Structures are given as structure tokens and as C-alpha cells.
>>> print(open('upload20.pdb').read())   # PDB, C-alpha atoms and all ligand atoms
ATOM      1  CA  MET S   1     -22.141 152.573 158.843
ATOM      2  CA  ALA S   2     -20.420 152.729 155.493
ATOM      3  CA  HIS S   3     -17.732 154.942 154.029
ATOM      4  CA  LEU S   4     -19.093 156.251 150.738
ATOM      5  CA  LEU S   5     -17.819 158.277 147.831
ATOM      6  CA  LEU S   6     -20.367 160.608 146.252
ATOM      7  CA  VAL S   7     -19.463 161.803 142.748
ATOM      8  CA  GLU S   8     -21.799 164.566 141.578
ATOM      9  CA  ASP S   9     -20.975 167.770 139.730
ATOM     10  CA  ASP S  10     -24.142 169.634 140.715
ATOM     11  CA  GLU S  11     -22.947 171.386 143.853
ATOM     12  CA  LEU S  12     -26.369 171.904 145.353
ATOM     13  CA  LEU S  13     -27.347 168.278 144.873
ATOM     14  CA  ARG S  14     -23.924 167.103 146.056
ATOM     15  CA  ASP S  15     -24.057 169.101 149.282
ATOM     16  CA  GLY S  16     -27.654 168.086 149.935
ATOM     17  CA  LEU S  17     -26.982 164.387 149.317
ATOM     18  CA  CYS S  18     -23.810 164.499 151.350
ATOM     19  CA  ALA S  19     -25.703 165.901 154.327
ATOM     20  CA  GLN S  20     -28.486 163.332 153.945
ATOM     21  CA  LEU S  21     -26.092 160.393 153.651
ATOM     22  CA  MET S  22     -24.242 161.565 156.739
ATOM     23  CA  HIS S  23     -27.547 162.034 158.514
ATOM     24  CA  ALA S  24     -28.284 158.384 157.654
ATOM     25  CA  GLY S  25     -25.113 157.420 159.491
ATOM     26  CA  HIS S  26     -22.608 157.093 156.635
ATOM     27  CA  SER S  27     -19.310 158.860 156.336
ATOM     28  CA  VAL S  28     -18.986 160.529 152.951
ATOM     29  CA  ASP S  29     -16.243 161.820 150.692
ATOM     30  CA  ALA S  30     -17.498 163.985 147.860
ATOM     31  CA  ALA S  31     -16.066 164.652 144.410
ATOM     32  CA  GLY S  32     -17.281 167.084 141.761
ATOM     33  CA  ASP S  33     -15.597 165.479 138.761
ATOM     34  CA  GLY S  34     -13.905 162.289 137.599
ATOM     35  CA  ALA S  35     -10.381 163.372 138.503
ATOM     36  CA  GLN S  36     -11.325 164.195 142.087
ATOM     37  CA  ALA S  37     -13.137 160.885 142.241
ATOM     38  CA  GLN S  38     -10.076 158.962 141.051
ATOM     39  CA  ALA S  39      -7.845 160.714 143.596
ATOM     40  CA  LEU S  40     -10.227 159.738 146.415
ATOM     41  CA  LEU S  41     -10.615 156.190 145.105
ATOM     42  CA  GLU S  42      -6.856 155.775 145.126
ATOM     43  CA  SER S  43      -6.329 157.192 148.593
ATOM     44  CA  THR S  44      -9.374 156.054 150.569
ATOM     45  CA  ARG S  45     -10.809 152.745 151.668
ATOM     46  CA  LEU S  46     -14.418 152.867 150.542
ATOM     47  CA  ASP S  47     -17.442 150.627 151.028
ATOM     48  CA  GLY S  48     -19.443 151.978 148.113
ATOM     49  CA  VAL S  49     -19.820 154.694 145.483
ATOM     50  CA  VAL S  50     -22.751 156.822 144.349
ATOM     51  CA  LEU S  51     -21.787 158.001 140.882
ATOM     52  CA  ASP S  52     -23.526 160.523 138.648
ATOM     53  CA  LEU S  53     -23.114 159.475 135.011
ATOM     54  CA  GLY S  54     -23.264 163.014 133.626
ATOM     55  CA  LEU S  55     -19.943 164.538 134.699
ATOM     56  CA  PRO S  56     -18.105 167.466 133.125
ATOM     57  CA  PRO S  57     -14.791 167.166 131.255
ATOM     58  CA  VAL S  58     -11.613 167.579 133.302
ATOM     59  CA  GLN S  59      -9.256 170.188 131.804
ATOM     60  CA  GLY S  60     -10.934 169.794 128.437
ATOM     61  CA  VAL S  61     -10.728 165.981 128.467
ATOM     62  CA  ALA S  62     -13.966 163.984 128.544
ATOM     63  CA  MET S  63     -14.401 162.130 131.836
ATOM     64  CA  ASP S  64     -18.016 161.099 132.263
ATOM     65  CA  GLY S  65     -19.416 158.708 134.832
ATOM     66  CA  ILE S  66     -19.162 155.696 132.520
ATOM     67  CA  MET S  67     -15.422 156.321 132.150
ATOM     68  CA  VAL S  68     -15.040 156.618 135.922
ATOM     69  CA  LEU S  69     -17.036 153.420 136.335
ATOM     70  CA  ARG S  70     -14.825 151.494 133.875
ATOM     71  CA  TRP S  71     -11.781 152.815 135.700
ATOM     72  CA  ILE S  72     -13.226 151.607 139.028
ATOM     73  CA  ARG S  73     -14.034 148.188 137.606
ATOM     74  CA  GLN S  74     -10.472 147.690 136.409
ATOM     75  CA  ARG S  75      -8.929 148.562 139.743
ATOM     76  CA  LEU S  76     -11.588 147.796 142.332
ATOM     77  CA  PRO S  77     -13.764 145.090 140.771
ATOM     78  CA  HIS S  78     -15.737 144.389 143.963
ATOM     79  CA  LEU S  79     -16.472 147.955 145.041
ATOM     80  CA  PRO S  80     -20.266 148.405 144.826
ATOM     81  CA  VAL S  81     -21.343 151.316 142.623
ATOM     82  CA  LEU S  82     -24.805 152.827 142.310
ATOM     83  CA  VAL S  83     -25.136 155.146 139.316
ATOM     84  CA  LEU S  84     -27.391 158.154 138.982
ATOM     85  CA  THR S  85     -28.712 158.829 135.503
ATOM     86  CA  ALA S  86     -30.257 162.134 134.549
ATOM     87  CA  ARG S  87     -32.417 160.929 131.732
ATOM     88  CA  ASP S  88     -35.096 158.320 131.752
ATOM     89  CA  ASP S  89     -33.166 156.703 128.950
ATOM     90  CA  ILE S  90     -32.869 152.937 128.890
ATOM     91  CA  ASP S  91     -29.668 153.075 126.805
ATOM     92  CA  ASP S  92     -28.035 155.161 129.507
ATOM     93  CA  ARG S  93     -29.032 152.653 132.152
ATOM     94  CA  VAL S  94     -27.895 149.731 130.010
ATOM     95  CA  ALA S  95     -24.552 151.465 129.447
ATOM     96  CA  GLY S  96     -24.199 151.900 133.213
ATOM     97  CA  LEU S  97     -24.988 148.277 133.963
ATOM     98  CA  ASN S  98     -22.759 147.079 131.120
ATOM     99  CA  ALA S  99     -19.902 149.125 132.522
ATOM    100  CA  GLY S 100     -20.358 147.339 135.842
ATOM    101  CA  ALA S 101     -22.814 149.342 137.939
ATOM    102  CA  ASP S 102     -24.526 147.334 140.673
ATOM    103  CA  ASP S 103     -27.720 149.365 140.583
ATOM    104  CA  TYR S 104     -28.984 152.686 139.321
ATOM    105  CA  LEU S 105     -31.466 155.435 140.050
ATOM    106  CA  THR S 106     -32.975 157.877 137.598
ATOM    107  CA  LYS S 107     -33.053 161.542 138.574
ATOM    108  CA  PRO S 108     -35.045 162.984 140.161
ATOM    109  CA  PHE S 109     -35.176 160.287 142.808
ATOM    110  CA  ASP S 110     -36.618 159.912 146.228
ATOM    111  CA  LEU S 111     -34.085 160.097 149.043
ATOM    112  CA  ALA S 112     -35.718 157.167 150.838
ATOM    113  CA  GLU S 113     -35.289 155.056 147.699
ATOM    114  CA  LEU S 114     -31.626 156.004 147.392
ATOM    115  CA  LEU S 115     -31.006 155.035 151.009
ATOM    116  CA  ALA S 116     -32.861 151.723 150.604
ATOM    117  CA  ARG S 117     -30.978 150.853 147.413
ATOM    118  CA  LEU S 118     -27.672 151.788 148.963
ATOM    119  CA  ALA S 119     -28.381 149.627 151.990
ATOM    120  CA  ALA S 120     -29.325 146.671 149.777
ATOM    121  CA  MET S 121     -26.252 147.151 147.598
ATOM    122  CA  LEU S 122     -23.915 147.311 150.575
ATOM    123  CA  ARG S 123     -25.568 144.234 152.081
ATOM    124  CA  ARG S 124     -25.082 142.278 148.844
ATOM    125  CA  ALA S 125     -21.457 143.341 148.669
ATOM    126  CA  ARG S 126     -20.782 141.821 152.080
ATOM    127  CA  MET S 127     -22.102 138.443 150.983
ATOM    128  CA  PRO S 128     -19.759 135.705 149.759
ATOM    129  CA  ALA S 129     -19.427 135.341 146.009
ATOM    130  CA  PHE S 130     -21.987 133.329 144.050
ATOM    131  CA  ASP S 131     -20.347 130.117 142.853
ATOM    132  CA  GLY S 132     -22.304 130.414 139.609
ATOM    133  CA  THR S 133     -24.132 127.119 139.652
ATOM    134  CA  LEU S 134     -27.842 126.500 139.432
ATOM    135  CA  PRO S 135     -29.368 123.108 140.176
ATOM    136  CA  GLY S 136     -30.509 120.787 137.411
ATOM    137  CA  ASP S 137     -29.474 119.651 133.955
ATOM    138  CA  THR S 138     -28.891 121.667 130.833
ATOM    139  CA  PRO S 139     -32.109 123.591 130.396
ATOM    140  CA  SER S 140     -33.260 123.962 126.814
ATOM    141  CA  ALA S 141     -36.309 124.847 124.770
ATOM    142  CA  HIS S 142     -36.872 125.462 121.130
ATOM    143  CA  ARG S 143     -33.388 126.424 119.819
ATOM    144  CA  LEU S 144     -32.162 127.821 123.135
ATOM    145  CA  ARG S 145     -29.778 125.900 125.357
ATOM    146  CA  LEU S 146     -28.015 127.098 128.498
ATOM    147  CA  ASP S 147     -24.918 125.705 130.092
ATOM    148  CA  PRO S 148     -25.952 124.419 133.553
ATOM    149  CA  GLN S 149     -22.804 125.697 135.236
ATOM    150  CA  LEU S 150     -21.258 128.478 133.228
ATOM    151  CA  PRO S 151     -22.830 131.722 132.081
ATOM    152  CA  MET S 152     -23.113 130.585 128.463
ATOM    153  CA  GLY S 153     -25.904 129.746 126.112
ATOM    154  CA  TRP S 154     -26.546 128.747 122.530
ATOM    155  CA  LEU S 155     -29.190 129.634 120.023
ATOM    156  CA  GLY S 156     -28.963 126.741 117.617
ATOM    157  CA  GLU S 157     -25.235 126.526 116.898
ATOM    158  CA  GLU S 158     -24.609 130.143 117.728
ATOM    159  CA  ALA S 159     -23.058 130.945 121.133
ATOM    160  CA  MET S 160     -24.724 133.634 123.231
ATOM    161  CA  GLU S 161     -22.651 135.822 125.457
ATOM    162  CA  LEU S 162     -24.350 136.134 128.825
ATOM    163  CA  THR S 163     -23.427 137.776 132.078
ATOM    164  CA  HIS S 164     -23.973 135.801 135.293
ATOM    165  CA  ARG S 165     -27.187 137.643 136.018
ATOM    166  CA  GLU S 166     -28.528 137.305 132.474
ATOM    167  CA  TRP S 167     -27.739 133.625 132.563
ATOM    168  CA  SER S 168     -29.397 132.948 135.932
ATOM    169  CA  LEU S 169     -32.452 134.981 134.896
ATOM    170  CA  LEU S 170     -32.748 133.178 131.578
ATOM    171  CA  GLY S 171     -32.216 129.849 133.361
ATOM    172  CA  LEU S 172     -35.155 130.534 135.671
ATOM    173  CA  LEU S 173     -37.397 131.531 132.781
ATOM    174  CA  LEU S 174     -36.310 128.590 130.669
ATOM    175  CA  ARG S 175     -36.867 126.013 133.402
ATOM    176  CA  GLN S 176     -40.415 127.311 133.814
ATOM    177  CA  ILE S 177     -41.148 128.109 130.206
ATOM    178  CA  GLY S 178     -44.800 129.020 129.711
ATOM    179  CA  GLN S 179     -45.176 129.905 133.394
ATOM    180  CA  VAL S 180     -44.860 133.214 135.127
ATOM    181  CA  VAL S 181     -41.660 133.681 137.116
ATOM    182  CA  GLY S 182     -42.187 136.237 139.879
ATOM    183  CA  ARG S 183     -39.918 139.249 140.128
ATOM    184  CA  GLU S 184     -39.170 138.283 143.712
ATOM    185  CA  ASP S 185     -38.110 134.807 142.600
ATOM    186  CA  VAL S 186     -35.555 136.268 140.226
ATOM    187  CA  LEU S 187     -34.275 138.702 142.821
ATOM    188  CA  ALA S 188     -34.129 135.878 145.348
ATOM    189  CA  VAL S 189     -31.931 133.820 143.011
ATOM    190  CA  TRP S 190     -29.685 136.813 142.510
ATOM    191  CA  GLN S 191     -29.440 136.793 146.293
ATOM    192  CA  THR S 192     -28.317 133.144 146.409
ATOM    193  CA  GLN S 193     -24.875 134.656 146.452
ATOM    194  CA  ALA S 194     -25.198 134.034 150.186
ATOM    195  CA  PRO S 195     -26.585 131.014 152.033
ATOM    196  CA  GLU S 196     -28.831 133.151 154.212
ATOM    197  CA  GLY S 197     -30.361 134.725 151.082
ATOM    198  CA  GLY S 198     -33.402 136.953 151.427
ATOM    199  CA  LEU S 199     -33.784 140.399 149.976
ATOM    200  CA  GLY S 200     -34.748 142.387 153.042
ATOM    201  CA  GLY S 201     -35.428 145.798 151.524
ATOM    202  CA  ALA S 202     -38.499 145.617 149.325
ATOM    203  CA  GLY S 203     -37.979 146.250 145.643
ATOM    204  CA  ALA S 204     -34.199 146.458 145.757
ATOM    205  CA  GLY S 205     -32.765 145.590 142.401
ATOM    206  CA  SER S 206     -36.080 145.578 140.554
ATOM    207  CA  ASN S 207     -35.032 148.483 138.333
ATOM    208  CA  ALA S 208     -32.012 146.441 137.391
ATOM    209  CA  LEU S 209     -34.246 143.462 136.654
ATOM    210  CA  GLU S 210     -36.154 145.432 134.000
ATOM    211  CA  VAL S 211     -32.921 146.313 132.288
ATOM    212  CA  TYR S 212     -31.727 142.701 132.297
ATOM    213  CA  VAL S 213     -35.012 141.576 130.770
ATOM    214  CA  HIS S 214     -34.607 144.240 128.089
ATOM    215  CA  ARG S 215     -31.100 142.990 127.328
ATOM    216  CA  LEU S 216     -32.199 139.369 127.155
ATOM    217  CA  ARG S 217     -35.023 140.269 124.789
ATOM    218  CA  ARG S 218     -32.459 141.742 122.443
ATOM    219  CA  LYS S 219     -30.307 138.643 122.677
ATOM    220  CA  LEU S 220     -33.299 136.421 122.002
ATOM    221  CA  GLN S 221     -34.270 138.316 118.866
ATOM    222  CA  GLY S 222     -34.803 135.899 116.005
ATOM    223  CA  SER S 223     -34.850 132.913 118.376
ATOM    224  CA  GLY S 224     -38.616 132.403 118.239
ATOM    225  CA  LEU S 225     -38.697 132.950 122.010
ATOM    226  CA  ASN S 226     -39.912 136.040 123.790
ATOM    227  CA  ILE S 227     -39.975 137.248 127.388
ATOM    228  CA  ARG S 228     -43.419 138.576 128.188
ATOM    229  CA  ASN S 229     -44.042 141.049 130.976
ATOM    230  CA  VAL S 230     -47.020 139.829 132.978
ATOM    231  CA  ARG S 231     -48.116 142.982 134.749
ATOM    232  CA  GLY S 232     -47.927 142.886 138.501
ATOM    233  CA  LEU S 233     -46.686 139.302 138.509
ATOM    234  CA  GLY S 234     -43.398 138.859 136.719
ATOM    235  CA  TYR S 235     -42.050 137.526 133.463
ATOM    236  CA  MET S 236     -42.763 134.544 131.275
ATOM    237  CA  LEU S 237     -40.696 132.960 128.537
ATOM    238  CA  GLU S 238     -42.904 131.885 125.665
ATOM    239  CA  LEU S 239     -42.768 130.800 122.061
ATOM    240  CA  GLN S 240     -43.435 133.741 119.819
ATOM    241  CA  THR S 241     -46.644 133.433 117.903
ATOM    242  CA  PRO S 242     -45.956 133.938 114.206
TER
HETATM  243 CA    CA R 301     -24.351 165.734 136.413
END
>>> encode(input="upload20.pdb", output="C-alpha cells")
Amino acid sequence: MAHLLLVEDDELLRDGLCAQLMHAGHSVDAAGDGAQAQALLESTRLDGVVLDLGLPPVQGVAMDGIMVLRWIRQRLPHLPVLVLTARDDIDDRVAGLNAGADDYLTKPFDLAELLARLAAMLRRARMPAFDGTLPGDTPSAHRLRLDPQLPMGWLGEEAMELTHREWSLLGLLLRQIGQVVGREDVLAVWQTQAPEGGLGGAGAGSNALEVYVHRLRRKLQGSGLNIRNVRGLGYMLELQTP
């Protein structure tokens, strides 16, 4: 199916995952550190990468997964990368997504979930690029304004830096301020990168969604607006009660 690179320093886990990925029909190259990973990335045509963030130094020089990920993003901007994080640490996940990961899993993870996330990630990667536009006029509320076509926003006079996904998520919330926006609706918009749309695998990307919400909350600090988690339903943008 796909040609994958697995970067994992834990030999037992690496061998086990390698066997499972091959069993699922993928061909797999495996690397135990960042240098091996770079050599394979330079010499092999790959469809996707599974990258452990906690990697050992190479000949005494630090080379963790985030560094490998930044290196990949500079050279192979469209290569889908799923990162594995050891700790249930939101900062680690945010760092991974900031450095350009497409999705992540926290160890220990379920093999079925890894395979489902990989499949969804590879499917997204085959879709044509999102042109970045959402329908409608400049959405705004309170002091928040979003550009209708570019991933930019303003809080009062102050510009907000937003990624495409942050901007489309915030756009959805802002257009329906005071109403619950379903998780599936957000994920579906993220899927509008292709005309056929549709998420297929259930739950794909929903871990990433939590992290994006967390990031937006930080960016909205002091704005008077808050993103509320409505359990089991989704998220709602609301005016903060003083
Ligand atoms: Ca590790």
C-alpha cells in the first residue's frame, strides 16, 4: 500500500511495529536514530513517516524527533508525518504539531488506532491542496476579526498569527458564535481539501483537534472570548463572563 519510514530507537518496539505495518500491507524502512532517518529520507521515495519524538543523540549531538521533523519539513514539505510522543504532555504534542506533524499518537497506543490514523493521514496527503478559502464575508465578533481568505486575524488592532487549520477552526466557531460546532464539522472542513471530502475513518484527527483548540485558547487570552468544550458534542465560542 504505502512505503513508510519508521523512526524509533526502542528496538523491540521498532521491530514489532515494523512487522505489524508490513502485515497491514505496507513496505517499511526502519531507522533507530535521526541520522539513519535522514539517510533513508534522502535516498528513498516515501509515502509517509512514523516518527518517535524521543530519539537519542547521534555521536554526542542532540537529534531528537522534533529536529528530524523540522529537517523533513524544510526538504519534503508535503511528506505526511505522524509523531509518537512518550509522555501525555500537551506541550510535547503542541511542539510536534508546530514543527509540522500531521497527526500524533501518545504512547502506549493501540495498534488498530495507529493503523487507522496512518490510513487517514495517507488519504489526506493524496488529496489536492486546500485553496484556503471559506465562504462568506469577514467574520467578526467582539474584538475578533478574521480575514475571509487568508489565515489571518485581528484582536482589536493587534494581528493574530494563525495557521490554516487554526484559522478555519476559528472561522467555524466565529460564524456560529454561541452555538456548538460539532467535532465532525470541524474535521469535515479540514477535509474540504478535496472535493469529495468525507473523513472515512472515525475519529481521525480528533486528537489534533484538541491541540488546535488549546492553541486557539491561548491566542484568545485577553480577548474576552473563550472556546468552551461541550462534552460529547463539540466546541462553542462564547463571550467570557466577567
Ligand atoms: Ca524513544
>>> residues_around(input="upload20.pdb", residues="region 60-65 of chain S", least_positions_apart="6", cutoff="7 Å", atoms="only C-alpha atoms", output="list in words")
Gly34, Leu51, Asp52, Leu53 and Gly54 of chain S
>>> closest_residue(input="upload20.pdb", among="S:Ala101, S:Ala35, S:Leu84, S:Leu40", to="ligand CA 301 (chain R)", atoms="all atoms listed in the file")
S:Leu84
>>> closest_atom_pairs(input="upload20.pdb", of="chain S", to="ligand CA 301 (chain R)", cutoff="12 Å", atoms="all atoms listed in the file", output="CSV")
residue,atom,partner,partner_atom,distance
S:Leu6,CA,R:CA301,CA,11.8
S:Val7,CA,R:CA301,CA,8.9
S:Glu8,CA,R:CA301,CA,5.9
S:Asp9,CA,R:CA301,CA,5.2
S:Asp10,CA,R:CA301,CA,5.8
S:Glu11,CA,R:CA301,CA,9.4
S:Leu12,CA,R:CA301,CA,11.0
S:Leu13,CA,R:CA301,CA,9.3
S:Arg14,CA,R:CA301,CA,9.7
S:Ala31,CA,R:CA301,CA,11.6
S:Gly32,CA,R:CA301,CA,9.0
S:Asp33,CA,R:CA301,CA,9.1
S:Gly34,CA,R:CA301,CA,11.1
S:Leu51,CA,R:CA301,CA,9.3
S:Asp52,CA,R:CA301,CA,5.7
S:Leu53,CA,R:CA301,CA,6.5
S:Gly54,CA,R:CA301,CA,4.0
S:Leu55,CA,R:CA301,CA,4.9
S:Pro56,CA,R:CA301,CA,7.3
S:Pro57,CA,R:CA301,CA,11.0
S:Met63,CA,R:CA301,CA,11.5
S:Asp64,CA,R:CA301,CA,8.9
S:Gly65,CA,R:CA301,CA,8.7
S:Ile66,CA,R:CA301,CA,12.0
S:Val83,CA,R:CA301,CA,11.0
S:Leu84,CA,R:CA301,CA,8.6
S:Thr85,CA,R:CA301,CA,8.2
S:Ala86,CA,R:CA301,CA,7.2
S:Arg87,CA,R:CA301,CA,10.5
S:Thr106,CA,R:CA301,CA,11.7
S:Lys107,CA,R:CA301,CA,9.9
S:Pro108,CA,R:CA301,CA,11.7
>>> closest_residue(input="upload20.pdb", among="S:Leu237, S:Ala37, S:Ala208, S:Leu17", to="Phe109 (chain S)", atoms="only C-alpha atoms")
S:Leu17
>>> resolve_selection(input="upload20.pdb", expression="the PyMOL selection byres (((chain S and resi 231) around 12) and not hetatm)", output="number ranges by chain")
S: 180-183, 228-230, 232-236
>>> resolve_selection(input="upload20.pdb", expression="the PyMOL selection byres (((chain S and resi 100) around 8) and not hetatm)", output="PDB file with C-alpha atoms, in the coordinates of the input")
ATOM      1  CA  LEU S  69     -17.036 153.420 136.335  1.00  0.00           C
ATOM      2  CA  ARG S  70     -14.825 151.494 133.875  1.00  0.00           C
ATOM      3  CA  ARG S  73     -14.034 148.188 137.606  1.00  0.00           C
ATOM      4  CA  VAL S  81     -21.343 151.316 142.623  1.00  0.00           C
ATOM      5  CA  GLY S  96     -24.199 151.900 133.213  1.00  0.00           C
ATOM      6  CA  LEU S  97     -24.988 148.277 133.963  1.00  0.00           C
ATOM      7  CA  ASN S  98     -22.759 147.079 131.120  1.00  0.00           C
ATOM      8  CA  ALA S  99     -19.902 149.125 132.522  1.00  0.00           C
ATOM      9  CA  ALA S 101     -22.814 149.342 137.939  1.00  0.00           C
ATOM     10  CA  ASP S 102     -24.526 147.334 140.673  1.00  0.00           C
TER      11      ASP S 102
END
>>> resolve_selection(input="upload20.pdb", expression="the PyMOL selection byres (((chain S and resi 24) around 12) and not hetatm)", output="number ranges by chain")
S: 1-4, 17-23, 25-28, 111-112, 114-116, 118-119
>>> atom_distance(input="upload20.pdb", atom1="CA of Leu209 (chain S)", atom2="CA of Gly153 (chain S)")
19.2 Å
>>> atom_distance(input="upload20.pdb", atom1="CA of Leu76 (chain S)", atom2="CA of Leu170 (chain S)")
27.9 Å
>>> build_atoms(input="upload20.pdb", residues="region 71-85 of chain S", atoms="N, CA and C atoms", output="mmCIF file, in the frame of the given file")
data_model
loop_
_atom_site.group_PDB
_atom_site.id
_atom_site.type_symbol
_atom_site.label_atom_id
_atom_site.label_comp_id
_atom_site.auth_asym_id
_atom_site.auth_seq_id
_atom_site.Cartn_x
_atom_site.Cartn_y
_atom_site.Cartn_z
ATOM 1 N N TRP S 71 -13.049 152.674 134.968
ATOM 2 C CA TRP S 71 -11.781 152.815 135.700
ATOM 3 C C TRP S 71 -11.886 152.094 137.038
ATOM 4 N N ILE S 72 -13.009 152.283 137.740
ATOM 5 C CA ILE S 72 -13.226 151.607 139.028
ATOM 6 C C ILE S 72 -13.219 150.092 138.829
ATOM 7 N N ARG S 73 -13.908 149.632 137.810
ATOM 8 C CA ARG S 73 -14.034 148.188 137.606
ATOM 9 C C ARG S 73 -12.698 147.513 137.311
ATOM 10 N N GLN S 74 -11.792 148.262 136.675
ATOM 11 C CA GLN S 74 -10.472 147.690 136.409
ATOM 12 C C GLN S 74 -9.654 147.559 137.682
ATOM 13 N N ARG S 75 -9.794 148.533 138.562
ATOM 14 C CA ARG S 75 -8.929 148.562 139.743
ATOM 15 C C ARG S 75 -9.576 147.987 140.985
ATOM 16 N N LEU S 76 -10.876 148.207 141.121
ATOM 17 C CA LEU S 76 -11.588 147.796 142.332
ATOM 18 C C LEU S 76 -12.845 147.023 141.923
ATOM 19 N N PRO S 77 -12.643 145.811 141.378
ATOM 20 C CA PRO S 77 -13.764 145.090 140.771
ATOM 21 C C PRO S 77 -14.921 144.816 141.727
ATOM 22 N N HIS S 78 -14.663 144.768 143.031
ATOM 23 C CA HIS S 78 -15.737 144.389 143.963
ATOM 24 C C HIS S 78 -16.376 145.578 144.664
ATOM 25 N N LEU S 79 -15.911 146.776 144.379
ATOM 26 C CA LEU S 79 -16.472 147.955 145.041
ATOM 27 C C LEU S 79 -17.878 148.222 144.480
ATOM 28 N N PRO S 80 -18.907 148.190 145.356
ATOM 29 C CA PRO S 80 -20.266 148.405 144.826
ATOM 30 C C PRO S 80 -20.489 149.845 144.373
ATOM 31 N N VAL S 81 -21.111 149.987 143.208
ATOM 32 C CA VAL S 81 -21.343 151.316 142.623
ATOM 33 C C VAL S 81 -22.814 151.443 142.221
ATOM 34 N N LEU S 82 -23.442 152.489 142.727
ATOM 35 C CA LEU S 82 -24.805 152.827 142.310
ATOM 36 C C LEU S 82 -24.708 154.059 141.430
ATOM 37 N N VAL S 83 -25.250 153.993 140.208
ATOM 38 C CA VAL S 83 -25.136 155.146 139.316
ATOM 39 C C VAL S 83 -26.441 155.945 139.298
ATOM 40 N N LEU S 84 -26.265 157.234 139.122
ATOM 41 C CA LEU S 84 -27.391 158.154 138.982
ATOM 42 C C LEU S 84 -27.448 158.578 137.530
ATOM 43 N N THR S 85 -28.590 158.407 136.891
ATOM 44 C CA THR S 85 -28.712 158.829 135.503
ATOM 45 C C THR S 85 -29.726 159.954 135.417
#
